[in-house]
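Data block below; observations after.
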Amino acid sequence: MCHMRAQSVRVFVCMVILVHVFSVPWVLAEDSVEALKKQLLEMQQNMNKLMTRIDQLEKKKADTNRVTRVEESVKSIQKSPSILNPSIGLAIDATFDHRDKTGGTFSLRAAELGIAAEIDPYARAYAFVTGSDEGVELEEAAMITTSLPYNLTGQGGKFFAAFGRLAQFHQHELPFVNFPISLERMVGGESVAIGTQWSYLFPTPFFMSFTAGGYNKIGEENERVDDAENRSMSRFTYLSRLHSFFDFTETLNLELGATLSYTPRVDFADAVGKGDRSLSGIDLTLRHRPLVPGFYEGTTIAGEMFSNSERFADVGRQISVGGYGYAQVEFNPEILGRWDLGLLLDSAPDIENPARKTTSLSPYITWWPSEFNRLRLQYTYGWDDVREDSGNEGNQIYLQWTTVLGSHTHGFRDRK
Amino acid sequence: MKDLMQQKLRLTIIGSALAALVFASPALADRIRVITTIPDLADITRQIGKDRVSVESLTLGVRNIHSVQMKPSMVTKLNQADVLVLMGLYLEESFLPGLLDVARNPRISPRGIGYIDTSNGVVPIDVPVSLSRRDGDIHPMGNPHYNLDPMMGKLIAKNIARGLSKAYIEQRPFFMTNLEAYTRELDRLIPEWQQTARPLNGVKFVSYHQGLGYFARRFGMNQFGTMEVRPGIAPTPAHLVQLVRRMKEEKIPLVTYGTFPSRVPERVARETGARLVPVPLYVGGRPGIDTYIELINYLVSNLAKAAGQNE
């Protein structure tokens with residue numbers, strides 16, 4: 001009995017051992033598979049992390065390369081001997097014109113080299129040297145303060161005096177081909193002056209400035225006063241100008257100005273004796289610019305009226321009134337650039353005989369293939385009683401091509 | 001008697017409310033007057049400066065920044081500003097230098113303490129290899145439209161906070177606290193935008209101007225071409241014909257346009273079968289986009305929706 005029990009136990013134990021021996025591989029196999037699966041998953045996760053890290057490092061390397069390139073570029077600019085050179089630009093203005101009475105000609109009206117730079121923390125300076133088929137001349141060279149207190153700015157040298165609006169434009173910046181004859185006769189074209197002028201900006205919510213200046217004379221074409229000779233204080237020309245601007249809405253604004261220039265004594269060039277001269281002007285510019293750009297890009301309606309009171313040797317005191325007005329619409333058909341379409345009306349008296357006038361009407365069209373390249377076609381019909389230039393009478397046609405190279409800008413003064 | 005008492009009570013309540021308004025927030029005259037060049041910078045400056053700043057943008061979000069006209073009213077604003085915030089990288093070159101020349105405010109000149117250029121730290125893309133106008137009206141320092149990358153939005157905010165802190169050192173803790181809060185908000189939103197923008201990954205698009213470069217880089221889009229011949233050079237018929245042909249060959253799915261006229265983009269989209277998507281480049285560029293976050297939200301969701309509809 002005992003023997004049988006012991007044998008049964010032995011058999012039972014053997015069977016248990018056998019079961020365990022043969023079941024372990026199954027368990028082991030399942031465990032291995034699970035472990036392998038787990039290991040595979042971990043390896044996959046690690047690989048994903050490594051790939052992400054590689055991406056990050058590659059990106060960082062690319063950024064570093066870019067930073068290095070930009071830094072190298074900056075360093076090479078800083079090492080360059082030209083680092084302190086002024087900014088330089090060139091405007092080229094060429095025309096063809098044909099007039100009924102005088103025929104036609106091609107002209108290089110201006111190759112205008114402009115340079116500008118900061119002098120120091122207190123002032124900046126600029127100069128324009130202009131070459132044309134008539135020669136080379138220094139058109140402007142002036143210094144302007146940059147740090148005066150009380151909203152003041154001072155300017156000295158040769159520059160365009162602050163008379164009116166278009167007289168302060170360089171000819172190639174005009175909205176049309178030529179200066180209106182009224183502006184040429186009464187102001188003297190570009191308001192070139194050698195002297196000094198000072199400007200104050202009012203601390204008001206709207207723009208208002210007052211400018212005062214003293215000069216040898218004003219006007220490129222003003223030959224009644226000699227720019228070069230010494231003179232007493234009464235022979236200088238004095239100017240005052242009030243200038244303001246109003247935003248009616250985001251799209252409509254008005255710019256207004258009133259200018260008075262006075263020369264207490266003008267010695268007659270071809271006679272004994274003296275006169276005096278008072279030239280005044282009002283200018284108005286109304287601009288509309290739509291909020292969202294489209295085919296229609298804006299309208300400008302502008303004009304100036306001048307009054308000249310001057311005592312001449314032969315005809316005594318003459319008071320002449322004249323001026324111009326123009327309207328211009330801008331289009332952008334989105335192909336091949338921008339277009340301006342405009343109409344200029346001009347009434348220019350003879351300042352020595354105001355009863356005689358030159359009146360003209362000029363439609364024009366301007367094409368801007370780019371901001372730096374411009375072509376213009378203008379037709380003018382003139383009615384001329386003054387007869388100082390026979391070309392002012394009848395049909396006139398003008399073609400103009402103007403380009404700008406480099407950093408050529410007249411800044412705030414010549415804005416459209 | 002009762003009516004009189006009620007009236008006195010009403011007046012007292014109204015007076016107290018008014019007094020609370022007056023004394024609780026800084027008087028307008030005490031606020032830092034900030035002028036920014038674009039509305040995005042104005043919004044981010046308000047997030048940093050809160051009620052201690054009075055902010056105005058020189059331009060509206062619908063305007064083309066490359067043809068902003070200088071107005072004398074801008075001179076007055078700059079003259080009276082304490083701080084100027086600008087994008088830099090020559091973005092404002094067509095108007096800002098001319099205005100600063102006559103603004104008579106040395107404080108906000110490029111050397112002044114109130115001059116904040118938010119491009120500090122930006123590594124620009126599309127840096128030109130040569131500087132020639134043959135390549136159009138190029139930006140010599142690279143693509144300046146970095147505001148459309150929300151990561152750059154964080155950098156802009158940091159530069160504004162640092163700039164304000166430098167000019168008003170006693171208020172530094174206030175600006176830095178607001179910077180942290182705004183940065184946290186952007187950090188929360190950026191992964192959400194990246195998730196929403198997943199359909200944009202690898203999507204090619206054509207735009208009128210190269211304004212979306214930074215956005216495209218951030219969200220995986222690829223700029224196939226532009227309708228402009230070169231930056232600032234209007235499309236020509238020949239260029240458009242070639243572009244349309246290439247777009248059809250490559251099956252380009254998206255055409256975008258921002259602050260530029262829309263007739264050419266509409267025509268290109270029609271001829272190629274691509275989806276036309278308006279993409280404002282600045283805050284205020286479309287109605288309802290009044291903040292920088294709303295701008296990025298709009299761009300991500302609209303472009304992702306358009307890309308998703310093309311699949």
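Residues in the structure tokens are named by chain (A, B, ... in the order shown) and by number from 1 within that chain; ligands are numbered from 1 in the order shown.
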Could I get the residues of chain B with an atom no further than 9 Å from an atom of chain A, each paired with its nearest atom pair and that distance in Å to one decimal, using only C-alpha atoms, sorted by chain and residue number, as a Markdown table?
| residue | atom | partner | partner_atom | distance |
| --- | --- | --- | --- | --- |
| B:Leu60 | CA | A:Leu291 | CA | 8.4 |
| B:Val62 | CA | A:Val292 | CA | 5.9 |
| B:Arg63 | CA | A:Val292 | CA | 6.5 |
| B:Asn64 | CA | A:Pro293 | CA | 7.8 |
| B:Gln69 | CA | A:Arg415 | CA | 7.6 |
| B:Met70 | CA | A:Arg415 | CA | 6.7 |
| B:Lys71 | CA | A:Phe245 | CA | 8.3 |
| B:Pro72 | CA | A:Phe207 | CA | 5.9 |
| B:Ser73 | CA | A:Phe207 | CA | 5.4 |
| B:Met74 | CA | A:Phe207 | CA | 8.4 |
| B:Val75 | CA | A:Phe207 | CA | 7.3 |
| B:Thr76 | CA | A:Phe207 | CA | 5.5 |
| B:Lys77 | CA | A:Pro205 | CA | 8.0 |
| B:Asn79 | CA | A:Asn151 | CA | 8.1 |
| B:Gln80 | CA | A:Pro203 | CA | 7.6 |
| B:Phe95 | CA | A:Gly411 | CA | 8.2 |
| B:Pro97 | CA | A:Gly411 | CA | 7.8 |
| B:Gly98 | CA | A:Gly411 | CA | 4.7 |
| B:Leu99 | CA | A:Phe412 | CA | 6.2 |
| B:Asp101 | CA | A:Thr146 | CA | 7.5 |
| B:Val102 | CA | A:Phe412 | CA | 7.4 |
| B:Ala103 | CA | A:Asn151 | CA | 8.3 |
| B:Arg104 | CA | A:Asn151 | CA | 5.7 |
| B:Asn105 | CA | A:Ser147 | CA | 7.4 |
| B:Pro106 | CA | A:Ser147 | CA | 5.9 |
| B:Arg111 | CA | A:Pro121 | CA | 8.7 |
| B:Val123 | CA | A:Val67 | CA | 6.3 |
| B:Pro124 | CA | A:Arg66 | CA | 8.3 |
| B:Ile125 | CA | A:Arg66 | CA | 8.4 |
| B:Val127 | CA | A:Val70 | CA | 8.4 |
| B:Arg133 | CA | A:Leu405 | CA | 8.4 |
| B:Gly136 | CA | A:Ser370 | CA | 8.3 |
| B:Asp137 | CA | A:Glu371 | CA | 8.1 |
| B:Met141 | CA | A:Val70 | CA | 8.9 |
| B:Gly232 | CA | A:Ser370 | CA | 7.0 |
| B:Ile233 | CA | A:Ser370 | CA | 5.7 |
| B:Ala234 | CA | A:Gly337 | CA | 5.1 |
| B:Pro235 | CA | A:Ile335 | CA | 5.1 |
| B:Thr236 | CA | A:Leu336 | CA | 5.3 |
| B:Pro237 | CA | A:Ile335 | CA | 7.0 |
| B:Thr259 | CA | A:Pro293 | CA | 7.4 |
| B:Phe260 | CA | A:Pro293 | CA | 6.3 |
| B:Pro261 | CA | A:Gly294 | CA | 4.9 |
| B:Ser262 | CA | A:Gly294 | CA | 7.3 |
| B:Arg263 | CA | A:Glu334 | CA | 7.4 |
| B:Val264 | CA | A:Glu334 | CA | 6.6 |
Go ahead and write the residues just picked, N, CA and C atoms, as a compact mmCIF listing (two decimals), in the first residue's frame.
# COMPACT_ATOMS: atom_id res chain seq x y z
N LEU B 60 -3.28 101.26 -43.29
CA LEU B 60 -4.38 100.33 -43.05
C LEU B 60 -4.01 98.97 -43.64
N VAL B 62 -5.57 97.13 -45.60
CA VAL B 62 -5.97 96.90 -46.99
C VAL B 62 -5.02 97.57 -47.99
N ARG B 63 -4.14 98.43 -47.48
CA ARG B 63 -3.25 99.18 -48.38
C ARG B 63 -2.07 98.32 -48.78
N ASN B 64 -1.55 98.59 -49.97
CA ASN B 64 -0.32 97.96 -50.45
C ASN B 64 0.85 98.71 -49.82
N GLN B 69 1.42 106.31 -49.87
CA GLN B 69 1.73 107.70 -50.21
C GLN B 69 2.03 108.48 -48.94
N MET B 70 3.09 109.24 -49.01
CA MET B 70 3.45 110.09 -47.87
C MET B 70 2.42 111.21 -47.74
N LYS B 71 1.86 111.38 -46.56
CA LYS B 71 0.91 112.46 -46.33
C LYS B 71 1.44 113.35 -45.20
N PRO B 72 1.20 114.66 -45.29
CA PRO B 72 1.63 115.53 -44.20
C PRO B 72 1.03 115.14 -42.85
N SER B 73 -0.17 114.53 -42.84
CA SER B 73 -0.76 114.12 -41.56
C SER B 73 0.11 113.05 -40.90
N MET B 74 0.80 112.23 -41.69
CA MET B 74 1.71 111.24 -41.12
C MET B 74 2.89 111.94 -40.44
N VAL B 75 3.32 113.08 -41.01
CA VAL B 75 4.42 113.83 -40.41
C VAL B 75 4.03 114.29 -39.01
N THR B 76 2.80 114.79 -38.88
CA THR B 76 2.32 115.26 -37.56
C THR B 76 2.32 114.11 -36.56
N LYS B 77 1.83 112.96 -36.99
CA LYS B 77 1.78 111.80 -36.07
C LYS B 77 3.17 111.39 -35.63
N ASN B 79 5.82 113.30 -35.61
CA ASN B 79 6.40 114.38 -34.82
C ASN B 79 5.99 114.27 -33.35
N GLN B 80 4.75 113.83 -33.13
CA GLN B 80 4.23 113.80 -31.76
C GLN B 80 4.35 112.42 -31.10
N PHE B 95 8.29 105.06 -48.03
CA PHE B 95 7.65 106.22 -47.41
C PHE B 95 8.28 106.65 -46.09
N PRO B 97 11.51 106.73 -44.64
CA PRO B 97 12.66 107.64 -44.55
C PRO B 97 12.31 109.08 -44.92
N GLY B 98 11.50 109.27 -45.97
CA GLY B 98 11.09 110.62 -46.36
C GLY B 98 10.29 111.30 -45.26
N LEU B 99 9.43 110.56 -44.60
CA LEU B 99 8.63 111.13 -43.50
C LEU B 99 9.50 111.46 -42.30
N ASP B 101 12.57 112.25 -42.28
CA ASP B 101 13.42 113.41 -42.59
C ASP B 101 12.77 114.72 -42.21
N VAL B 102 11.44 114.78 -42.26
CA VAL B 102 10.75 116.04 -41.99
C VAL B 102 9.95 116.01 -40.69
N ALA B 103 9.99 114.90 -39.97
CA ALA B 103 9.17 114.76 -38.76
C ALA B 103 9.71 115.54 -37.58
N ARG B 104 10.96 115.93 -37.62
CA ARG B 104 11.59 116.74 -36.55
C ARG B 104 11.45 116.06 -35.18
N ASN B 105 11.70 114.76 -35.12
CA ASN B 105 11.59 114.04 -33.87
C ASN B 105 12.79 113.11 -33.73
N PRO B 106 13.90 113.61 -33.19
CA PRO B 106 15.11 112.79 -33.09
C PRO B 106 14.89 111.54 -32.24
N ARG B 111 18.55 106.43 -34.83
CA ARG B 111 19.49 106.41 -33.69
C ARG B 111 18.77 106.61 -32.36
N VAL B 123 16.00 85.95 -39.25
CA VAL B 123 16.92 85.46 -40.28
C VAL B 123 16.12 85.48 -41.58
N PRO B 124 16.38 86.43 -42.46
CA PRO B 124 15.48 86.59 -43.60
C PRO B 124 15.62 85.47 -44.63
N ILE B 125 14.52 85.24 -45.32
CA ILE B 125 14.55 84.32 -46.47
C ILE B 125 14.60 85.17 -47.74
N VAL B 127 16.97 86.19 -49.60
CA VAL B 127 17.98 87.26 -49.66
C VAL B 127 18.55 87.26 -51.08
N ARG B 133 18.28 96.25 -60.18
CA ARG B 133 16.87 96.52 -60.47
C ARG B 133 16.37 95.70 -61.66
N GLY B 136 13.85 93.63 -60.46
CA GLY B 136 12.65 94.28 -59.98
C GLY B 136 12.92 95.15 -58.77
N ASP B 137 11.86 95.48 -58.07
CA ASP B 137 11.97 96.31 -56.88
C ASP B 137 12.29 95.40 -55.69
N MET B 141 17.56 93.37 -48.22
CA MET B 141 17.90 92.59 -47.03
C MET B 141 17.15 91.26 -46.97
N GLY B 232 7.40 93.95 -57.79
CA GLY B 232 7.12 95.33 -58.20
C GLY B 232 6.99 95.54 -59.68
N ILE B 233 7.14 94.50 -60.48
CA ILE B 233 6.99 94.60 -61.94
C ILE B 233 5.69 93.90 -62.32
N ALA B 234 4.76 94.68 -62.91
CA ALA B 234 3.42 94.17 -63.18
C ALA B 234 3.47 92.97 -64.14
N PRO B 235 2.48 92.10 -64.06
CA PRO B 235 2.44 90.95 -64.97
C PRO B 235 2.39 91.40 -66.43
N THR B 236 2.97 90.60 -67.31
CA THR B 236 2.84 90.82 -68.75
C THR B 236 2.01 89.68 -69.32
N PRO B 237 1.34 89.87 -70.46
CA PRO B 237 0.57 88.77 -71.05
C PRO B 237 1.43 87.52 -71.28
N THR B 259 -3.01 92.21 -50.76
CA THR B 259 -3.37 93.61 -50.89
C THR B 259 -3.12 94.12 -52.30
N PHE B 260 -3.24 93.25 -53.27
CA PHE B 260 -3.04 93.65 -54.65
C PHE B 260 -4.37 93.46 -55.39
N PRO B 261 -4.51 94.12 -56.56
CA PRO B 261 -5.76 93.97 -57.30
C PRO B 261 -6.04 92.51 -57.64
N SER B 262 -7.31 92.21 -57.87
CA SER B 262 -7.70 90.80 -57.92
C SER B 262 -8.02 90.27 -59.31
N ARG B 263 -8.10 91.15 -60.33
CA ARG B 263 -8.59 90.65 -61.62
C ARG B 263 -7.64 89.64 -62.24
N VAL B 264 -6.35 89.86 -62.16
CA VAL B 264 -5.39 88.90 -62.72
C VAL B 264 -5.43 87.59 -61.93
Worksheet item: Residues at most 10 Å from Lys274 in chain A, counting only C-alpha atoms, excluding those fewer than 6 positions away in the same chain, as JSON, numbers by chain?
Response: {"A": [264, 265, 266, 267, 268, 311, 312, 313]}
Next, the residues of the selection above should be written as an mmCIF file, in the first residue's frame with N, CA, C and O atoms.
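Produced file out.cif, reproduced below:
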data_model
loop_
_atom_site.group_PDB
_atom_site.id
_atom_site.type_symbol
_atom_site.label_atom_id
_atom_site.label_comp_id
_atom_site.auth_asym_id
_atom_site.auth_seq_id
_atom_site.Cartn_x
_atom_site.Cartn_y
_atom_site.Cartn_z
ATOM 1 N N PRO A 264 12.133 144.096 -51.318
ATOM 2 C CA PRO A 264 11.892 145.527 -51.101
ATOM 3 C C PRO A 264 12.481 146.411 -52.201
ATOM 4 O O PRO A 264 11.922 147.447 -52.549
ATOM 5 N N ARG A 265 13.622 145.981 -52.777
ATOM 6 C CA ARG A 265 14.238 146.848 -53.785
ATOM 7 C C ARG A 265 14.827 145.974 -54.891
ATOM 8 O O ARG A 265 15.619 145.072 -54.635
ATOM 9 N N VAL A 266 14.402 146.263 -56.119
ATOM 10 C CA VAL A 266 14.948 145.583 -57.292
ATOM 11 C C VAL A 266 15.565 146.654 -58.178
ATOM 12 O O VAL A 266 14.845 147.506 -58.718
ATOM 13 N N ASP A 267 16.883 146.643 -58.288
ATOM 14 C CA ASP A 267 17.541 147.630 -59.152
ATOM 15 C C ASP A 267 17.334 147.229 -60.597
ATOM 16 O O ASP A 267 17.533 146.075 -60.971
ATOM 17 N N PHE A 268 16.936 148.183 -61.431
ATOM 18 C CA PHE A 268 16.671 147.859 -62.823
ATOM 19 C C PHE A 268 17.968 147.493 -63.516
ATOM 20 O O PHE A 268 18.980 148.149 -63.361
ATOM 21 N N ARG A 311 7.272 146.836 -59.910
ATOM 22 C CA ARG A 311 7.495 148.117 -60.575
ATOM 23 C C ARG A 311 8.648 147.951 -61.551
ATOM 24 O O ARG A 311 9.747 147.571 -61.172
ATOM 25 N N PHE A 312 8.361 148.251 -62.815
ATOM 26 C CA PHE A 312 9.368 148.124 -63.863
ATOM 27 C C PHE A 312 9.837 149.508 -64.298
ATOM 28 O O PHE A 312 9.155 150.510 -64.080
ATOM 29 N N ALA A 313 11.000 149.533 -64.959
ATOM 30 C CA ALA A 313 11.591 150.817 -65.370
ATOM 31 C C ALA A 313 10.720 151.515 -66.389
ATOM 32 O O ALA A 313 10.448 152.711 -66.305
#
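Taking CA of Thr196 in chain A and CA of Glu229 in chain A as endpoints, the distance between them is 16.9 Å.
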Worksheet item: Counting only C-alpha atoms, what is within 10 Å of range 44-48 of chain B, bar same-chain residues fewer than 6 positions away, as a list of chain:residue names?
Response: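 Final neighbour list, sorted by chain and number: B:Val34, B:Ile35, B:Thr36, B:Ser54, B:Val55, B:Glu56, B:Val85, B:Gly153, B:Lys154, B:Ile156, B:Ala157, B:Lys158, B:Asn159, B:Ile160, B:Ala161, B:Leu164, B:Phe174, B:Phe175, B:Met176, B:Thr177, B:Asn178, B:Leu179, B:Glu180, B:Ala181, B:Tyr182, B:Thr291, B:Tyr292, B:Ile293.
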Save out the residues we just selected, N, CA, C and O atoms, as a compact mmCIF listing (two decimals), in the first residue's frame.
# COMPACT_ATOMS: atom_id res chain seq x y z
N VAL B 34 2.52 105.67 -29.38
CA VAL B 34 3.27 104.77 -30.26
C VAL B 34 2.68 104.86 -31.66
O VAL B 34 1.46 104.76 -31.84
N ILE B 35 3.55 105.03 -32.64
CA ILE B 35 3.14 104.95 -34.04
C ILE B 35 3.80 103.72 -34.63
O ILE B 35 5.00 103.49 -34.44
N THR B 36 3.01 102.92 -35.32
CA THR B 36 3.57 101.75 -36.00
C THR B 36 3.36 101.92 -37.50
O THR B 36 2.52 102.72 -37.94
N SER B 54 -0.85 104.35 -26.23
CA SER B 54 -1.87 104.79 -27.17
C SER B 54 -1.25 104.58 -28.55
O SER B 54 -0.23 105.19 -28.88
N VAL B 55 -1.83 103.66 -29.32
CA VAL B 55 -1.16 103.17 -30.53
C VAL B 55 -1.95 103.52 -31.78
O VAL B 55 -3.18 103.42 -31.80
N GLU B 56 -1.23 103.89 -32.82
CA GLU B 56 -1.87 104.14 -34.11
C GLU B 56 -0.96 103.62 -35.21
O GLU B 56 0.27 103.75 -35.11
N VAL B 85 7.41 101.98 -34.12
CA VAL B 85 7.66 100.54 -34.28
C VAL B 85 7.53 100.21 -35.77
O VAL B 85 6.51 100.55 -36.39
N GLY B 153 5.92 86.16 -34.91
CA GLY B 153 5.05 86.98 -34.08
C GLY B 153 5.58 87.05 -32.65
O GLY B 153 5.53 88.10 -32.00
N LYS B 154 6.10 85.92 -32.16
CA LYS B 154 6.69 85.92 -30.81
C LYS B 154 7.93 86.82 -30.77
O LYS B 154 8.15 87.55 -29.80
N ILE B 156 8.53 89.38 -32.75
CA ILE B 156 8.07 90.77 -32.85
C ILE B 156 7.66 91.26 -31.46
O ILE B 156 8.04 92.36 -31.03
N ALA B 157 6.89 90.44 -30.76
CA ALA B 157 6.43 90.83 -29.42
C ALA B 157 7.61 91.04 -28.49
O ALA B 157 7.66 92.01 -27.71
N LYS B 158 8.60 90.17 -28.59
CA LYS B 158 9.79 90.29 -27.72
C LYS B 158 10.53 91.59 -28.03
O LYS B 158 10.94 92.32 -27.13
N ASN B 159 10.70 91.90 -29.32
CA ASN B 159 11.41 93.12 -29.69
C ASN B 159 10.67 94.36 -29.25
O ASN B 159 11.26 95.35 -28.81
N ILE B 160 9.34 94.32 -29.35
CA ILE B 160 8.55 95.48 -28.91
C ILE B 160 8.68 95.65 -27.40
O ILE B 160 8.88 96.76 -26.89
N ALA B 161 8.56 94.53 -26.68
CA ALA B 161 8.66 94.61 -25.21
C ALA B 161 10.03 95.13 -24.80
O ALA B 161 10.15 95.98 -23.91
N LEU B 164 10.26 98.92 -25.73
CA LEU B 164 9.50 99.76 -24.79
C LEU B 164 10.21 99.80 -23.43
O LEU B 164 10.26 100.84 -22.78
N PHE B 174 6.14 95.50 -16.15
CA PHE B 174 4.79 95.47 -16.72
C PHE B 174 4.83 94.94 -18.15
O PHE B 174 4.07 94.04 -18.51
N PHE B 175 5.75 95.46 -18.96
CA PHE B 175 5.83 95.02 -20.35
C PHE B 175 6.23 93.55 -20.44
O PHE B 175 5.70 92.79 -21.24
N MET B 176 7.16 93.14 -19.60
CA MET B 176 7.65 91.76 -19.64
C MET B 176 6.57 90.78 -19.19
O MET B 176 6.45 89.68 -19.73
N THR B 177 5.78 91.19 -18.21
CA THR B 177 4.67 90.32 -17.77
C THR B 177 3.68 90.12 -18.91
O THR B 177 3.23 88.99 -19.18
N ASN B 178 3.36 91.20 -19.60
CA ASN B 178 2.43 91.11 -20.72
C ASN B 178 3.04 90.32 -21.87
O ASN B 178 2.34 89.58 -22.58
N LEU B 179 4.34 90.46 -22.06
CA LEU B 179 5.02 89.67 -23.09
C LEU B 179 4.89 88.18 -22.79
O LEU B 179 4.58 87.38 -23.68
N GLU B 180 5.13 87.82 -21.54
CA GLU B 180 5.03 86.40 -21.15
C GLU B 180 3.62 85.87 -21.41
O GLU B 180 3.45 84.77 -21.93
N ALA B 181 2.63 86.67 -21.07
CA ALA B 181 1.24 86.23 -21.26
C ALA B 181 0.94 86.06 -22.75
O ALA B 181 0.33 85.07 -23.17
N TYR B 182 1.38 87.00 -23.57
CA TYR B 182 1.11 86.94 -25.01
C TYR B 182 1.86 85.78 -25.64
O TYR B 182 1.32 85.06 -26.49
N THR B 291 -7.04 91.52 -35.07
CA THR B 291 -5.84 91.26 -34.26
C THR B 291 -4.90 90.34 -35.03
O THR B 291 -5.30 89.69 -36.00
N TYR B 292 -3.68 90.26 -34.54
CA TYR B 292 -2.67 89.41 -35.19
C TYR B 292 -3.09 87.94 -35.12
O TYR B 292 -2.97 87.20 -36.09
N ILE B 293 -3.61 87.55 -33.98
CA ILE B 293 -4.03 86.14 -33.81
C ILE B 293 -5.17 85.83 -34.78
O ILE B 293 -5.21 84.77 -35.40
Worksheet item: Which of these, B:Ser165, B:Ser207, B:Thr37, B:Ser67, has the shortest distance to Ala274 in chain B once you count only C-alpha atoms?
Response: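 That would be B:Ser207, the residue with the smallest distance to Ala274 in chain B.
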Ile365 in chain A: which residues within 8 Å, counting only C-alpha atoms, same-chain residues fewer than 4 positions away excluded, as a PDB file with N, CA, C and O atoms, in the first residue's frame?
ATOM      1  N   TRP A 339      -1.074 103.509 -65.370  1.00  0.00           N
ATOM      2  CA  TRP A 339      -1.309 104.604 -66.310  1.00  0.00           C
ATOM      3  C   TRP A 339      -1.914 105.793 -65.576  1.00  0.00           C
ATOM      4  O   TRP A 339      -2.750 105.626 -64.695  1.00  0.00           O
ATOM      5  N   ASP A 340      -1.486 107.005 -65.988  1.00  0.00           N
ATOM      6  CA  ASP A 340      -2.111 108.238 -65.511  1.00  0.00           C
ATOM      7  C   ASP A 340      -2.669 108.976 -66.721  1.00  0.00           C
ATOM      8  O   ASP A 340      -2.014 109.055 -67.758  1.00  0.00           O
ATOM      9  N   LEU A 341      -3.871 109.523 -66.538  1.00  0.00           N
ATOM     10  CA  LEU A 341      -4.500 110.313 -67.602  1.00  0.00           C
ATOM     11  C   LEU A 341      -4.819 111.675 -67.023  1.00  0.00           C
ATOM     12  O   LEU A 341      -5.469 111.752 -65.972  1.00  0.00           O
ATOM     13  N   GLY A 342      -4.370 112.737 -67.692  1.00  0.00           N
ATOM     14  CA  GLY A 342      -4.557 114.047 -67.081  1.00  0.00           C
ATOM     15  C   GLY A 342      -4.834 115.145 -68.076  1.00  0.00           C
ATOM     16  O   GLY A 342      -4.689 114.979 -69.291  1.00  0.00           O
ATOM     17  N   ARG A 376       5.807 109.267 -71.303  1.00  0.00           N
ATOM     18  CA  ARG A 376       4.676 110.204 -71.283  1.00  0.00           C
ATOM     19  C   ARG A 376       4.470 110.792 -72.678  1.00  0.00           C
ATOM     20  O   ARG A 376       5.424 111.095 -73.390  1.00  0.00           O
ATOM     21  N   LEU A 377       3.208 110.963 -73.029  1.00  0.00           N
ATOM     22  CA  LEU A 377       2.840 111.619 -74.275  1.00  0.00           C
ATOM     23  C   LEU A 377       1.916 112.775 -73.926  1.00  0.00           C
ATOM     24  O   LEU A 377       0.934 112.585 -73.198  1.00  0.00           O
ATOM     25  N   GLN A 378       2.231 113.962 -74.418  1.00  0.00           N
ATOM     26  CA  GLN A 378       1.418 115.137 -74.104  1.00  0.00           C
ATOM     27  C   GLN A 378       1.161 115.935 -75.378  1.00  0.00           C
ATOM     28  O   GLN A 378       2.059 116.120 -76.199  1.00  0.00           O
TER      29      GLN A 378
END
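The interatomic distance for the pair CA of Ser307 in chain A and CA of Tyr262 in chain A works out to 11.8 Å.
For the set A:Arg317, A:Arg53, A:Arg231, A:Arg241, the residue with the smallest atom-to-atom gap to Gly213 in chain A is A:Arg241, counting only C-alpha atoms.
Checking B:Arg246, B:Gly88, B:Phe219, B:Ile116 one by one against Glu192 in chain B, counting only C-alpha atoms, you find the shortest gap at B:Phe219.
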Fill in: Given only C-alpha atoms as the counted atoms, nearest of A:Gln155, A:Asn222, A:Thr259, A:Gln400 to Thr95 in chain A
A:Gln400
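CA of Asp40 in chain B is positioned 9.7 Å from CA of Met87 in chain B.
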Worksheet item: Near Val68 in chain B, counting only C-alpha atoms, which residues have an atom at most 10 Å away, once you skip same-chain residues fewer than 6 positions from it, shown as a ChimeraX atom specification?
Response: /B:58-60,92-96
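Of the listed residues (A:Asp270, A:Asp31, A:Glu190, A:Glu393), A:Glu190 comes nearest to Gly164 in chain A; the distances count only C-alpha atoms.
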Practice prompt. Report the residues of range 3-225 of chain B whose backbone DSSP state falls under alpha helix (DSSP H), written as a PyMOL selection string.
Written response: chain B and resi 3-24+39-49+72-79+96-103+150-167+172-196+213-219
Fill in: Filtered DSSP result for range 20-268 of chain B, state strand (DSSP E), as a ChimeraX atom specification
/B:32-36,53-57,83-86,115-117,204-207,222-226,254-257
Item to complete: Would you kindly return, as a ChimeraX atom specification, each protein, DNA or RNA residue with an atom no farther than 8 Å from any atom of Asp82 in chain B, considering only C-alpha atoms and excluding same-chain residues fewer than 2 positions away?
Response: /B:32-34,80,84,107-108,114
